[in-house]
Structure formats: C-alpha cells, structure tokens
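Shown next: input-v7.txt, containing compact mmCIF, C-alpha atoms and all ligand atoms.
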```txt
# COMPACT_ATOMS: atom_id res chain seq x y z
CA MET A 1 0.00 0.00 0.00
CA LYS A 2 1.49 3.31 -1.03
CA THR A 3 1.32 5.82 1.83
CA TYR A 4 1.26 9.59 1.29
CA HIS A 5 2.21 11.03 4.71
CA LEU A 6 1.71 14.76 4.28
CA ALA A 7 3.08 16.07 7.61
CA LYS A 8 6.55 14.83 6.62
CA GLU A 9 6.81 17.96 4.47
CA ASN A 10 6.48 21.47 5.88
CA SER A 11 3.19 23.10 4.98
CA ILE A 12 0.28 25.00 6.54
CA LEU A 13 -1.28 21.58 7.15
CA ASN A 14 0.98 21.24 10.21
CA LYS A 15 -0.63 24.30 11.82
CA PHE A 16 -4.11 22.83 11.40
CA LEU A 17 -2.87 19.53 12.85
CA ALA A 18 -1.18 21.24 15.81
CA GLU A 19 -4.44 23.08 16.60
CA LEU A 20 -6.37 19.79 16.48
CA ARG A 21 -3.96 18.18 18.93
CA ASP A 22 -3.62 21.14 21.31
CA VAL A 23 -5.60 20.46 24.48
CA SER A 24 -5.90 24.21 25.14
CA LEU A 25 -7.67 24.79 21.79
CA GLN A 26 -9.78 21.65 21.55
CA LYS A 27 -12.68 23.09 23.55
CA ASP A 28 -13.49 25.25 20.54
CA SER A 29 -15.43 22.55 18.69
CA MET A 30 -16.16 24.79 15.72
CA ARG A 31 -12.41 25.34 15.18
CA PHE A 32 -11.85 21.59 15.68
CA ARG A 33 -14.43 20.68 13.00
CA ARG A 34 -13.17 23.37 10.64
CA ASN A 35 -9.54 22.22 11.00
CA ILE A 36 -10.54 18.64 10.16
CA GLU A 37 -12.48 19.99 7.19
CA ARG A 38 -9.48 22.07 6.06
CA ILE A 39 -7.26 18.98 6.29
CA GLY A 40 -9.87 17.11 4.20
CA GLU A 41 -9.57 19.83 1.57
CA ILE A 42 -5.76 19.56 1.55
CA LEU A 43 -5.82 15.74 1.39
CA GLY A 44 -8.40 15.97 -1.41
CA TYR A 45 -6.26 18.41 -3.36
CA GLU A 46 -3.15 16.25 -2.95
CA LEU A 47 -4.86 13.01 -3.95
CA SER A 48 -6.47 14.71 -6.95
CA LYS A 49 -2.97 14.75 -8.48
CA GLU A 50 -3.14 10.94 -8.74
CA LEU A 51 -6.56 10.74 -10.46
CA SER A 52 -7.11 10.12 -14.20
CA TYR A 53 -7.48 13.14 -16.45
CA ALA A 54 -8.82 13.84 -19.96
CA SER A 55 -8.68 17.02 -21.96
CA LYS A 56 -11.89 19.01 -22.36
CA ASP A 57 -12.59 22.23 -24.24
CA VAL A 58 -14.05 24.93 -22.01
CA THR A 59 -15.76 27.83 -23.76
CA THR A 60 -15.14 31.24 -22.20
CA PRO A 61 -16.91 34.41 -23.36
CA LEU A 62 -13.79 35.14 -25.47
CA GLY A 63 -12.59 31.78 -26.74
CA VAL A 64 -11.97 28.12 -26.03
CA LYS A 65 -9.45 26.72 -23.55
CA SER A 66 -8.46 23.06 -23.54
CA THR A 67 -8.20 21.88 -19.89
CA ASN A 68 -7.28 18.56 -18.28
CA LEU A 69 -10.13 17.49 -15.98
CA PRO A 70 -10.48 14.48 -13.67
CA THR A 71 -12.56 11.65 -15.12
CA ASN A 72 -12.91 9.42 -12.02
CA ASN A 73 -16.32 8.64 -10.58
CA VAL A 74 -15.60 9.31 -6.92
CA VAL A 75 -17.56 7.77 -4.04
CA LEU A 76 -16.87 9.19 -0.57
CA CYS A 77 -17.61 6.65 2.17
CA SER A 78 -17.53 7.86 5.78
CA ILE A 79 -18.01 6.29 9.15
CA LEU A 80 -20.56 8.07 11.36
CA ARG A 81 -20.14 10.25 13.25
CA ALA A 82 -16.49 11.33 13.58
CA GLY A 83 -15.97 11.13 9.80
CA LEU A 84 -18.45 13.91 8.98
CA PRO A 85 -16.15 17.00 9.06
CA LEU A 86 -13.46 15.18 7.02
CA HIS A 87 -16.16 14.01 4.59
CA ASN A 88 -17.33 17.61 4.24
CA GLY A 89 -13.82 18.84 3.47
CA LEU A 90 -13.44 16.26 0.70
CA LEU A 91 -16.91 17.07 -0.63
CA ASN A 92 -15.92 20.76 -0.85
CA TYR A 93 -13.46 19.73 -3.59
CA PHE A 94 -15.10 16.59 -5.05
CA ASP A 95 -18.45 18.34 -5.16
CA ASP A 96 -20.00 15.92 -7.66
CA ALA A 97 -18.92 12.79 -5.74
CA GLU A 98 -21.47 10.19 -4.68
CA ASN A 99 -21.68 9.48 -0.96
CA ALA A 100 -21.91 6.45 1.28
CA PHE A 101 -22.44 6.50 5.06
CA ILE A 102 -21.94 3.70 7.49
CA SER A 103 -22.25 3.41 11.25
CA ALA A 104 -19.49 1.42 12.89
CA TYR A 105 -18.72 1.44 16.58
CA ARG A 106 -16.61 -0.43 19.08
CA HIS A 107 -18.66 -2.81 21.21
CA HIS A 108 -16.95 -3.86 24.45
CA PRO A 109 -18.79 -7.01 25.59
CA ASN A 110 -16.48 -7.75 28.55
CA ASN A 111 -13.96 -5.07 29.29
CA ASP A 112 -12.31 -1.99 27.79
CA ALA A 113 -9.35 -3.76 26.24
CA GLU A 114 -11.35 -6.08 24.00
CA PHE A 115 -13.88 -4.93 21.46
CA GLU A 116 -15.59 -5.95 18.27
CA ILE A 117 -16.63 -3.61 15.46
CA VAL A 118 -20.39 -3.48 14.95
CA VAL A 119 -21.60 -2.22 11.57
CA GLU A 120 -25.30 -1.28 11.52
CA TYR A 121 -26.58 1.54 9.29
CA PHE A 122 -25.31 1.46 5.71
CA ALA A 123 -26.38 3.67 2.78
CA SER A 124 -24.27 3.41 -0.38
CA PRO A 125 -24.51 3.90 -4.13
CA ALA A 126 -23.10 1.22 -6.49
CA ILE A 127 -19.30 1.33 -6.33
CA ASP A 128 -18.40 -0.91 -9.29
CA GLY A 129 -15.49 0.56 -11.28
CA LYS A 130 -15.46 3.75 -9.20
CA THR A 131 -12.78 5.46 -7.11
CA LEU A 132 -13.73 4.67 -3.54
CA LEU A 133 -12.47 7.04 -0.84
CA LEU A 134 -12.72 5.41 2.60
CA VAL A 135 -12.80 8.33 5.01
CA ASP A 136 -11.80 7.85 8.65
CA PRO A 137 -10.20 10.69 10.64
CA MET A 138 -8.53 8.38 13.19
CA LEU A 139 -6.90 5.25 11.76
CA ALA A 140 -6.25 3.68 15.17
CA THR A 141 -6.41 -0.13 15.03
CA GLY A 142 -7.62 -0.13 11.39
CA ARG A 143 -10.34 -2.62 12.30
CA SER A 144 -13.30 -0.25 11.68
CA LEU A 145 -11.99 0.58 8.24
CA VAL A 146 -11.55 -3.08 7.32
CA ALA A 147 -15.08 -3.84 8.67
CA VAL A 148 -16.43 -1.03 6.48
CA TYR A 149 -14.61 -2.40 3.44
CA GLU A 150 -16.03 -5.87 4.10
CA ALA A 151 -19.54 -4.37 4.32
CA ILE A 152 -19.26 -2.18 1.21
CA LYS A 153 -17.89 -5.00 -0.98
CA LYS A 154 -21.44 -6.19 -1.70
CA TYR A 155 -22.11 -2.91 -3.55
CA GLY A 156 -19.50 -3.79 -6.22
CA THR A 157 -15.77 -3.83 -6.90
CA PRO A 158 -14.16 -0.39 -6.99
CA LYS A 159 -11.52 0.47 -9.58
CA GLU A 160 -9.28 1.67 -6.75
CA ILE A 161 -9.46 2.54 -3.07
CA LYS A 162 -8.01 5.59 -1.38
CA ILE A 163 -8.06 5.73 2.41
CA VAL A 164 -8.22 9.30 3.69
CA SER A 165 -7.28 9.92 7.30
CA VAL A 166 -6.06 12.69 9.61
CA ILE A 167 -4.01 10.75 12.20
CA GLY A 168 -3.09 7.07 12.14
CA SER A 169 -1.01 4.72 14.24
CA THR A 170 1.80 2.66 12.74
CA GLU A 171 -0.16 -0.45 13.83
CA GLY A 172 -3.37 0.71 12.12
CA VAL A 173 -1.52 1.53 8.91
CA SER A 174 0.06 -1.96 8.84
CA TYR A 175 -3.32 -3.59 9.58
CA VAL A 176 -5.13 -1.93 6.67
CA ALA A 177 -2.17 -2.59 4.35
CA LYS A 178 -2.54 -6.29 5.18
CA HIS A 179 -6.34 -6.53 4.88
CA LEU A 180 -7.29 -4.21 2.00
CA PRO A 181 -6.75 -4.99 -1.71
CA GLU A 182 -3.50 -4.18 -3.52
CA ASN A 183 -5.01 -1.23 -5.37
CA THR A 184 -5.40 0.69 -2.09
CA ASP A 185 -3.35 3.73 -1.18
CA LEU A 186 -3.36 5.86 1.95
CA TRP A 187 -3.56 9.65 2.15
CA ILE A 188 -2.88 10.70 5.71
CA ALA A 189 -1.88 13.91 7.47
CA ASP A 190 0.21 12.28 10.22
CA ILE A 191 1.18 8.92 11.72
CA ASP A 192 1.84 8.49 15.47
CA GLU A 193 3.85 5.75 17.10
CA LYS A 194 1.46 3.82 19.29
CA LEU A 195 -1.97 2.95 20.73
CA ASN A 196 -2.92 2.82 24.38
CA ASP A 197 -4.70 -0.20 25.91
CA LYS A 198 -8.09 1.29 24.95
CA GLY A 199 -7.09 1.58 21.28
CA TYR A 200 -6.57 5.37 21.34
CA ILE A 201 -3.73 6.87 19.32
CA ILE A 202 -0.84 8.21 21.43
CA PRO A 203 -0.20 11.14 21.40
CA GLY A 204 -3.06 11.53 18.88
CA LEU A 205 -5.67 14.08 19.84
CA GLY A 206 -8.26 12.24 21.96
CA ASP A 207 -11.75 11.27 20.82
CA ALA A 208 -12.40 12.96 17.48
CA GLY A 209 -16.16 12.33 17.57
CA ASP A 210 -16.57 13.84 21.05
CA LEU A 211 -14.37 16.81 20.21
CA ALA A 212 -16.34 17.55 17.05
CA PHE A 213 -19.85 16.86 18.31
CA GLY A 214 -19.79 16.58 22.12
CA ALA A 215 -19.60 13.66 24.54
CA LYS A 216 -22.02 10.78 24.11
CA LEU A 217 -23.53 8.38 26.64
N1 LIG A 301 -10.86 7.25 17.63
C1 LIG A 301 -10.58 8.49 18.10
O1 LIG A 301 -11.41 9.39 18.03
N2 LIG A 301 -9.36 8.70 18.64
C2 LIG A 301 -8.42 7.76 18.72
O2 LIG A 301 -7.32 8.03 19.21
C3 LIG A 301 -8.74 6.48 18.22
C4 LIG A 301 -9.96 6.24 17.69
```
Can you give me the file's structure in the form of structure tokens?
Ligand code: URA
Amino acid sequence: MKTYHLAKENSILNKFLAELRDVSLQKDSMRFRRNIERIGEILGYELSKELSYASKDVTTPLGVKSTNLPTNNVVLCSILRAGLPLHNGLLNYFDDAENAFISAYRHHPNNDAEFEIVVEYFASPAIDGKTLLLVDPMLATGRSLVAVYEAIKKYGTPKEIKIVSVIGSTEGVSYVAKHLPENTDLWIADIDEKLNDKGYIIPGLGDAGDLAFGAKL
C-alpha cells in the first residue's frame, strides 16, 4: 500500500494539525471541526494529483481553452459520526462525488481492552469501477476501516481505493495494508507511534467524535 504522509513535508497543514492536537484549543469545537475539514480539503487536493485526467474544451466568453479534468467517478464513504467533518472537506473539492455512510462502533462485551466492530446503518450507491475514498479521521487499530470495506464489498468492486485519514497509528496503517486490496493507497496527514490499551492513538488528539460533536452516553 502506497502511503502519502503529508506532515513529513512542511506546509500550513501542520498548523491545522497542531491546533487539532492542542488540548488548550480543543474546547473550541467549531475550530476543531473546521480544522478537520481544512485537512480534508488539503488531502483531497493532494490526492487529486493521482486521479485520471482527460482534456476538455471549455468555452469562455472570449474563446476556447483546452483543460485537463479528472474523469474518475468518486464515491466518498464515511463512518458516522467522527468522519463527517473530514467528509465535508473532501466534498468541498469533489463536489460531484457520490456518498456512502456507514455506522461502525466499538462494542466492548467484557472489558475496555477487548472490542468488536459493529456495523449497523449502511447507505451506499453502487461502487463498481469507481474510485472509492474510505474516510476515517482516526486510523487507530484499522479494524473499523476493514469492517467497512467488508460491508461495502457487496455494492460492487471499486476500480481503486483511497483511504483518507487525519491521524493514524503505525499499527493501524500496517493492519489496513494487510487486509485491503493491492489497489489501495493511503492519504494521511500524520502517523503516530502507538496505541494505548483502549485503542486510542498516542499522542493523537483524543476522541475525534466527542471533540467535534460533544460527549455521548
Ligand atoms: N478514535 C478516536 O477518536 N481517537 C483515537 O485516538 C482512536 C480512535
């Protein structure tokens, strides 16, 4: 799996990431959501460089300009609820993309250390031959993303898969590389070294869903 790790290069992306991580700024949930959205826009712009293009004549009031435009049929697939701001950022750039939404959560039947991924709600267009963007802001264990892929497979076989994420763990990145098809690549802002015993990314940023939308029961 080819990994595009954007924070390795200096750019304004690092400021948005630092604000997301900063415990003294996280209480501002509007800024938190907007920073995730801005990172979605940057990841979308960067991955657009790897799409397929064809030339098209665009007629201006004064003439005709031949322009290379992307030809991919993009489907954005997000996991509720933490994925929504990242989804929005991508949709700002891929404004004619189709959209899939899935609910996946960690169910802890016995204790905090062990959990299974439960997939319930699923709404998706056909994905056959399309460019499928699997959107997950926190690629922690990678298990939710693989569960989503297993669920979406019944809607067709995509031409290619692009995982889009804000922060991942080295373990999560290896897990998805092992369990997703060969034609998958990863577009990620940053990768942290480890997970804690509850499956949270360390140092990470905390619970992205709670920070964006408030604590849940
Ligand atoms: N989900 C989050 O929101 N944060 C993590 O660190 C891991 C999973």
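Counting from CA of Ala123 in chain A, the distance to CA of Leu205 in chain A is 28.8 Å.
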Option closest in space to Gly89 in chain A, from A:Asp185, A:Glu193, A:Asp210, A:Glu41 [counting all atoms listed in the file]: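 Result for the nearest residue to Gly89 in chain A: A:Glu41.
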Nearby residues (all atoms listed in the file) at most 10 Å from Leu13 in chain A, same-chain spacing under 4 positions excluded, as an NGL selection string: :A and (6-7 or 9 or 17-18 or 35 or 38-39 or 42-43 or 189-190)
Ligand LIG 301 (chain A) neighbours within 12 Å using only C-alpha atoms and all ligand atoms, as a count of residues only: 52
Sel. within 7 Å of pt (-12.5, 7.6, -10.0), counting only C-alpha atoms, output as a list of chain:residue names: A:Leu51, A:Thr71, A:Asn72, A:Asn73, A:Val74, A:Lys130, A:Thr131
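Interatomic distance, CA of Thr170 in chain A to CA of Thr157 in chain A: 27.1 Å.
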Length of the CA of Glu160 in chain A to CA of Asp128 in chain A vector [Å]: 9.8 Å
Exercise: residues within 12 Å of coordinate (-18.4, 7.1, 2.0), counting only C-alpha atoms, as number ranges by chain: A: 74-81, 83-84, 86-88, 90-91, 97-103, 122-127, 131-136, 145, 148-149, 151-152, 161-164
12 Å contact set for Lys65 in chain A, all atoms listed in the file, chain neighbours under 6 positions out, as a PyMOL selection string: chain A and resi 55-59
Residue neighbourhood Ala177 in chain A, 9 Å, all atoms listed in the file, exclusion window fewer than 4 positions, as a PyMOL selection string: chain A and resi 1-2+172-173+181-182+184-186
Because some atoms of range 85-96 of chain A are absent here, can you restore all heavy atoms and send them as a PDB file, in the frame of the given file?
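As written to disk, part-v2.pdb reads:
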```pdb
ATOM      1  N   PRO A  85     -16.877  15.794   9.495  1.00  0.00           N
ATOM      2  CA  PRO A  85     -16.150  17.000   9.060  1.00  0.00           C
ATOM      3  C   PRO A  85     -15.107  16.705   7.965  1.00  0.00           C
ATOM      4  O   PRO A  85     -14.912  17.523   7.056  1.00  0.00           O
ATOM      5  CB  PRO A  85     -15.468  17.500  10.340  1.00  0.00           C
ATOM      6  CG  PRO A  85     -16.216  16.860  11.463  1.00  0.00           C
ATOM      7  CD  PRO A  85     -16.710  15.551  10.948  1.00  0.00           C
ATOM      8  N   LEU A  86     -14.455  15.538   8.043  1.00  0.00           N
ATOM      9  CA  LEU A  86     -13.460  15.180   7.020  1.00  0.00           C
ATOM     10  C   LEU A  86     -14.176  14.923   5.687  1.00  0.00           C
ATOM     11  O   LEU A  86     -13.712  15.338   4.618  1.00  0.00           O
ATOM     12  CB  LEU A  86     -12.689  13.934   7.483  1.00  0.00           C
ATOM     13  CG  LEU A  86     -11.484  13.515   6.656  1.00  0.00           C
ATOM     14  CD1 LEU A  86     -10.436  14.621   6.583  1.00  0.00           C
ATOM     15  CD2 LEU A  86     -10.839  12.247   7.229  1.00  0.00           C
ATOM     16  N   HIS A  87     -15.334  14.261   5.771  1.00  0.00           N
ATOM     17  CA  HIS A  87     -16.160  14.010   4.590  1.00  0.00           C
ATOM     18  C   HIS A  87     -16.527  15.349   3.919  1.00  0.00           C
ATOM     19  O   HIS A  87     -16.402  15.511   2.712  1.00  0.00           O
ATOM     20  CB  HIS A  87     -17.432  13.273   5.033  1.00  0.00           C
ATOM     21  CG  HIS A  87     -18.262  12.758   3.909  1.00  0.00           C
ATOM     22  ND1 HIS A  87     -18.348  11.425   3.592  1.00  0.00           N
ATOM     23  CD2 HIS A  87     -19.054  13.390   3.002  1.00  0.00           C
ATOM     24  CE1 HIS A  87     -19.145  11.263   2.559  1.00  0.00           C
ATOM     25  NE2 HIS A  87     -19.600  12.444   2.189  1.00  0.00           N
ATOM     26  N   ASN A  88     -16.939  16.293   4.754  1.00  0.00           N
ATOM     27  CA  ASN A  88     -17.330  17.610   4.240  1.00  0.00           C
ATOM     28  C   ASN A  88     -16.192  18.313   3.509  1.00  0.00           C
ATOM     29  O   ASN A  88     -16.399  18.922   2.461  1.00  0.00           O
ATOM     30  CB  ASN A  88     -17.771  18.469   5.422  1.00  0.00           C
ATOM     31  CG  ASN A  88     -19.047  19.170   5.111  1.00  0.00           C
ATOM     32  OD1 ASN A  88     -19.851  18.685   4.319  1.00  0.00           O
ATOM     33  ND2 ASN A  88     -19.228  20.329   5.715  1.00  0.00           N
ATOM     34  N   GLY A  89     -14.983  18.218   4.099  1.00  0.00           N
ATOM     35  CA  GLY A  89     -13.820  18.840   3.470  1.00  0.00           C
ATOM     36  C   GLY A  89     -13.550  18.240   2.100  1.00  0.00           C
ATOM     37  O   GLY A  89     -13.272  18.953   1.124  1.00  0.00           O
ATOM     38  N   LEU A  90     -13.664  16.922   1.995  1.00  0.00           N
ATOM     39  CA  LEU A  90     -13.440  16.260   0.700  1.00  0.00           C
ATOM     40  C   LEU A  90     -14.540  16.647  -0.292  1.00  0.00           C
ATOM     41  O   LEU A  90     -14.282  16.895  -1.467  1.00  0.00           O
ATOM     42  CB  LEU A  90     -13.394  14.741   0.894  1.00  0.00           C
ATOM     43  CG  LEU A  90     -12.139  14.264   1.629  1.00  0.00           C
ATOM     44  CD1 LEU A  90     -12.367  12.906   2.265  1.00  0.00           C
ATOM     45  CD2 LEU A  90     -10.949  14.213   0.680  1.00  0.00           C
ATOM     46  N   LEU A  91     -15.780  16.733   0.236  1.00  0.00           N
ATOM     47  CA  LEU A  91     -16.910  17.070  -0.630  1.00  0.00           C
ATOM     48  C   LEU A  91     -16.818  18.516  -1.135  1.00  0.00           C
ATOM     49  O   LEU A  91     -17.330  18.845  -2.206  1.00  0.00           O
ATOM     50  CB  LEU A  91     -18.207  16.852   0.155  1.00  0.00           C
ATOM     51  CG  LEU A  91     -19.514  16.678  -0.597  1.00  0.00           C
ATOM     52  CD1 LEU A  91     -19.445  15.575  -1.647  1.00  0.00           C
ATOM     53  CD2 LEU A  91     -20.643  16.374   0.389  1.00  0.00           C
ATOM     54  N   ASN A  92     -16.121  19.384  -0.376  1.00  0.00           N
ATOM     55  CA  ASN A  92     -15.920  20.760  -0.850  1.00  0.00           C
ATOM     56  C   ASN A  92     -15.161  20.763  -2.175  1.00  0.00           C
ATOM     57  O   ASN A  92     -15.339  21.659  -3.004  1.00  0.00           O
ATOM     58  CB  ASN A  92     -15.120  21.582   0.164  1.00  0.00           C
ATOM     59  CG  ASN A  92     -15.933  21.920   1.396  1.00  0.00           C
ATOM     60  OD1 ASN A  92     -17.154  21.777   1.396  1.00  0.00           O
ATOM     61  ND2 ASN A  92     -15.265  22.357   2.453  1.00  0.00           N
ATOM     62  N   TYR A  93     -14.264  19.770  -2.358  1.00  0.00           N
ATOM     63  CA  TYR A  93     -13.460  19.730  -3.590  1.00  0.00           C
ATOM     64  C   TYR A  93     -14.037  18.739  -4.606  1.00  0.00           C
ATOM     65  O   TYR A  93     -14.077  19.021  -5.787  1.00  0.00           O
ATOM     66  CB  TYR A  93     -12.006  19.382  -3.260  1.00  0.00           C
ATOM     67  CG  TYR A  93     -11.236  20.576  -2.715  1.00  0.00           C
ATOM     68  CD1 TYR A  93     -11.909  21.698  -2.239  1.00  0.00           C
ATOM     69  CD2 TYR A  93      -9.855  20.592  -2.694  1.00  0.00           C
ATOM     70  CE1 TYR A  93     -11.226  22.799  -1.757  1.00  0.00           C
ATOM     71  CE2 TYR A  93      -9.161  21.699  -2.205  1.00  0.00           C
ATOM     72  CZ  TYR A  93      -9.854  22.794  -1.742  1.00  0.00           C
ATOM     73  OH  TYR A  93      -9.169  23.877  -1.263  1.00  0.00           O
ATOM     74  N   PHE A  94     -14.477  17.568  -4.131  1.00  0.00           N
ATOM     75  CA  PHE A  94     -15.100  16.590  -5.050  1.00  0.00           C
ATOM     76  C   PHE A  94     -16.609  16.785  -4.943  1.00  0.00           C
ATOM     77  O   PHE A  94     -17.336  15.937  -4.433  1.00  0.00           O
ATOM     78  CB  PHE A  94     -14.684  15.169  -4.677  1.00  0.00           C
ATOM     79  CG  PHE A  94     -13.202  14.952  -4.752  1.00  0.00           C
ATOM     80  CD1 PHE A  94     -12.455  14.714  -3.617  1.00  0.00           C
ATOM     81  CD2 PHE A  94     -12.546  15.033  -5.978  1.00  0.00           C
ATOM     82  CE1 PHE A  94     -11.083  14.541  -3.693  1.00  0.00           C
ATOM     83  CE2 PHE A  94     -11.170  14.866  -6.061  1.00  0.00           C
ATOM     84  CZ  PHE A  94     -10.439  14.624  -4.910  1.00  0.00           C
ATOM     85  N   ASP A  95     -17.068  17.943  -5.435  1.00  0.00           N
ATOM     86  CA  ASP A  95     -18.450  18.340  -5.160  1.00  0.00           C
ATOM     87  C   ASP A  95     -19.476  17.511  -5.919  1.00  0.00           C
ATOM     88  O   ASP A  95     -20.656  17.534  -5.575  1.00  0.00           O
ATOM     89  CB  ASP A  95     -18.659  19.835  -5.409  1.00  0.00           C
ATOM     90  CG  ASP A  95     -18.023  20.277  -6.710  1.00  0.00           C
ATOM     91  OD1 ASP A  95     -18.609  20.020  -7.768  1.00  0.00           O
ATOM     92  OD2 ASP A  95     -16.917  20.828  -6.654  1.00  0.00           O
ATOM     93  N   ASP A  96     -19.033  16.777  -6.959  1.00  0.00           N
ATOM     94  CA  ASP A  96     -20.000  15.920  -7.660  1.00  0.00           C
ATOM     95  C   ASP A  96     -19.819  14.444  -7.284  1.00  0.00           C
ATOM     96  O   ASP A  96     -20.324  13.556  -7.967  1.00  0.00           O
ATOM     97  CB  ASP A  96     -19.939  16.123  -9.174  1.00  0.00           C
ATOM     98  CG  ASP A  96     -18.522  16.077  -9.700  1.00  0.00           C
ATOM     99  OD1 ASP A  96     -17.602  15.748  -8.911  1.00  0.00           O
ATOM    100  OD2 ASP A  96     -18.321  16.353 -10.894  1.00  0.00           O
TER     101      ASP A  96
END
```
